[in-house]
Amino acid sequence: MIEARMAEIVRHTCLAHGMEGVFELTRSYPPTVNHAEQVAVSRQVMAAIVGEELVFAQQPTMGAEDFAFMLQRVPGSYCFIGNGAGGHRLADHGAGPCTLHNASYDFNDAILPLGASYWVRLAETCLAPA
């Protein structure tokens, strides 16, 4: 429906100005769809590090992610570690947390040990002999 409406808007906007327009939509990224078994392992590993109460289910987003191509071929889990509540940010970057792809983004160096621990423990868990 969105694609059809976008084409109509282009066509009618152009007609209103005595022009013709062509709408082309290039589908370049598939949706990022996790696999349940890998999500469970990811959650288990992170919960062992920070506690179950600090591991949250990720709400769906409309962001495009190249990891989606990997997930089409290999089961996996795309997850977020987080960047803190924003206390690490410099005063000129505003208050509170800030997501990626934002001019005020300021990486929280204090989460490096958490991220490193997560990836090491995930690898150890996945590569452990059965």
# chains A, B, ... in the order shown; residues from 1 in each chain; ligands from 1

call {"tool": "select_by_dssp", "arguments": {"residues": "chain A", "states": "helix (DSSP H, G or I)", "output": "PyMOL selection string"}}
result
chain A and resi 2-16+36-50+52-54+67-73+91-93+109-127

call {"tool": "residues_around", "arguments": {"residues": "range 52-61 of chain A", "least_positions_apart": "6", "cutoff": "12 Å", "atoms": "only C-alpha atoms", "output": "ChimeraX atom specification"}}
result
/A:31-34,39-40,42-46,77-82,84

call {"tool": "residues_around", "arguments": {"residues": "Ala110 in chain A", "least_positions_apart": "5", "cutoff": "12 Å", "atoms": "only C-alpha atoms", "output": "list of chain:residue names"}}
result
A:Gly82, A:Asn83, A:Gly84, A:Ala85, A:Gly86, A:Gly87, A:His88, A:Arg89, A:Gly115, A:Ala116

call {"tool": "write_last_selection", "arguments": {"atoms": "N, CA, C and O atoms", "output": "PDB file, in the first residue's frame"}}
result
ATOM      1  N   GLY A  82      23.613  -1.669  23.803  1.00  0.00           N
ATOM      2  CA  GLY A  82      23.230  -0.414  24.448  1.00  0.00           C
ATOM      3  C   GLY A  82      24.441   0.490  24.608  1.00  0.00           C
ATOM      4  O   GLY A  82      25.580   0.057  24.499  1.00  0.00           O
ATOM      5  N   ASN A  83      24.163   1.735  24.876  1.00  0.00           N
ATOM      6  CA  ASN A  83      25.229   2.721  24.988  1.00  0.00           C
ATOM      7  C   ASN A  83      25.132   3.506  26.283  1.00  0.00           C
ATOM      8  O   ASN A  83      25.745   4.547  26.430  1.00  0.00           O
ATOM      9  N   GLY A  84      24.322   3.023  27.225  1.00  0.00           N
ATOM     10  CA  GLY A  84      24.182   3.712  28.496  1.00  0.00           C
ATOM     11  C   GLY A  84      23.081   4.751  28.477  1.00  0.00           C
ATOM     12  O   GLY A  84      22.419   4.973  27.472  1.00  0.00           O
ATOM     13  N   ALA A  85      22.897   5.410  29.591  1.00  0.00           N
ATOM     14  CA  ALA A  85      21.821   6.394  29.754  1.00  0.00           C
ATOM     15  C   ALA A  85      22.219   7.782  29.275  1.00  0.00           C
ATOM     16  O   ALA A  85      21.414   8.695  29.282  1.00  0.00           O
ATOM     17  N   GLY A  86      23.452   7.975  28.878  1.00  0.00           N
ATOM     18  CA  GLY A  86      23.885   9.254  28.339  1.00  0.00           C
ATOM     19  C   GLY A  86      24.784  10.057  29.254  1.00  0.00           C
ATOM     20  O   GLY A  86      25.260  11.122  28.860  1.00  0.00           O
ATOM     21  N   GLY A  87      25.030   9.588  30.465  1.00  0.00           N
ATOM     22  CA  GLY A  87      25.869  10.317  31.406  1.00  0.00           C
ATOM     23  C   GLY A  87      27.293  10.514  30.912  1.00  0.00           C
ATOM     24  O   GLY A  87      27.992  11.416  31.370  1.00  0.00           O
ATOM     25  N   HIS A  88      27.729   9.703  29.978  1.00  0.00           N
ATOM     26  CA  HIS A  88      29.095   9.787  29.455  1.00  0.00           C
ATOM     27  C   HIS A  88      29.247  10.892  28.407  1.00  0.00           C
ATOM     28  O   HIS A  88      30.354  11.267  28.066  1.00  0.00           O
ATOM     29  N   ARG A  89      28.139  11.405  27.909  1.00  0.00           N
ATOM     30  CA  ARG A  89      28.194  12.362  26.801  1.00  0.00           C
ATOM     31  C   ARG A  89      28.687  13.727  27.245  1.00  0.00           C
ATOM     32  O   ARG A  89      28.380  14.198  28.333  1.00  0.00           O
ATOM     33  N   GLY A 115      30.928  -5.328  26.136  1.00  0.00           N
ATOM     34  CA  GLY A 115      30.875  -5.849  24.771  1.00  0.00           C
ATOM     35  C   GLY A 115      31.891  -6.950  24.539  1.00  0.00           C
ATOM     36  O   GLY A 115      31.569  -7.994  23.960  1.00  0.00           O
ATOM     37  N   ALA A 116      33.118  -6.743  25.000  1.00  0.00           N
ATOM     38  CA  ALA A 116      34.155  -7.761  24.828  1.00  0.00           C
ATOM     39  C   ALA A 116      33.795  -9.034  25.582  1.00  0.00           C
ATOM     40  O   ALA A 116      33.939 -10.149  25.052  1.00  0.00           O
TER      41      ALA A 116
END
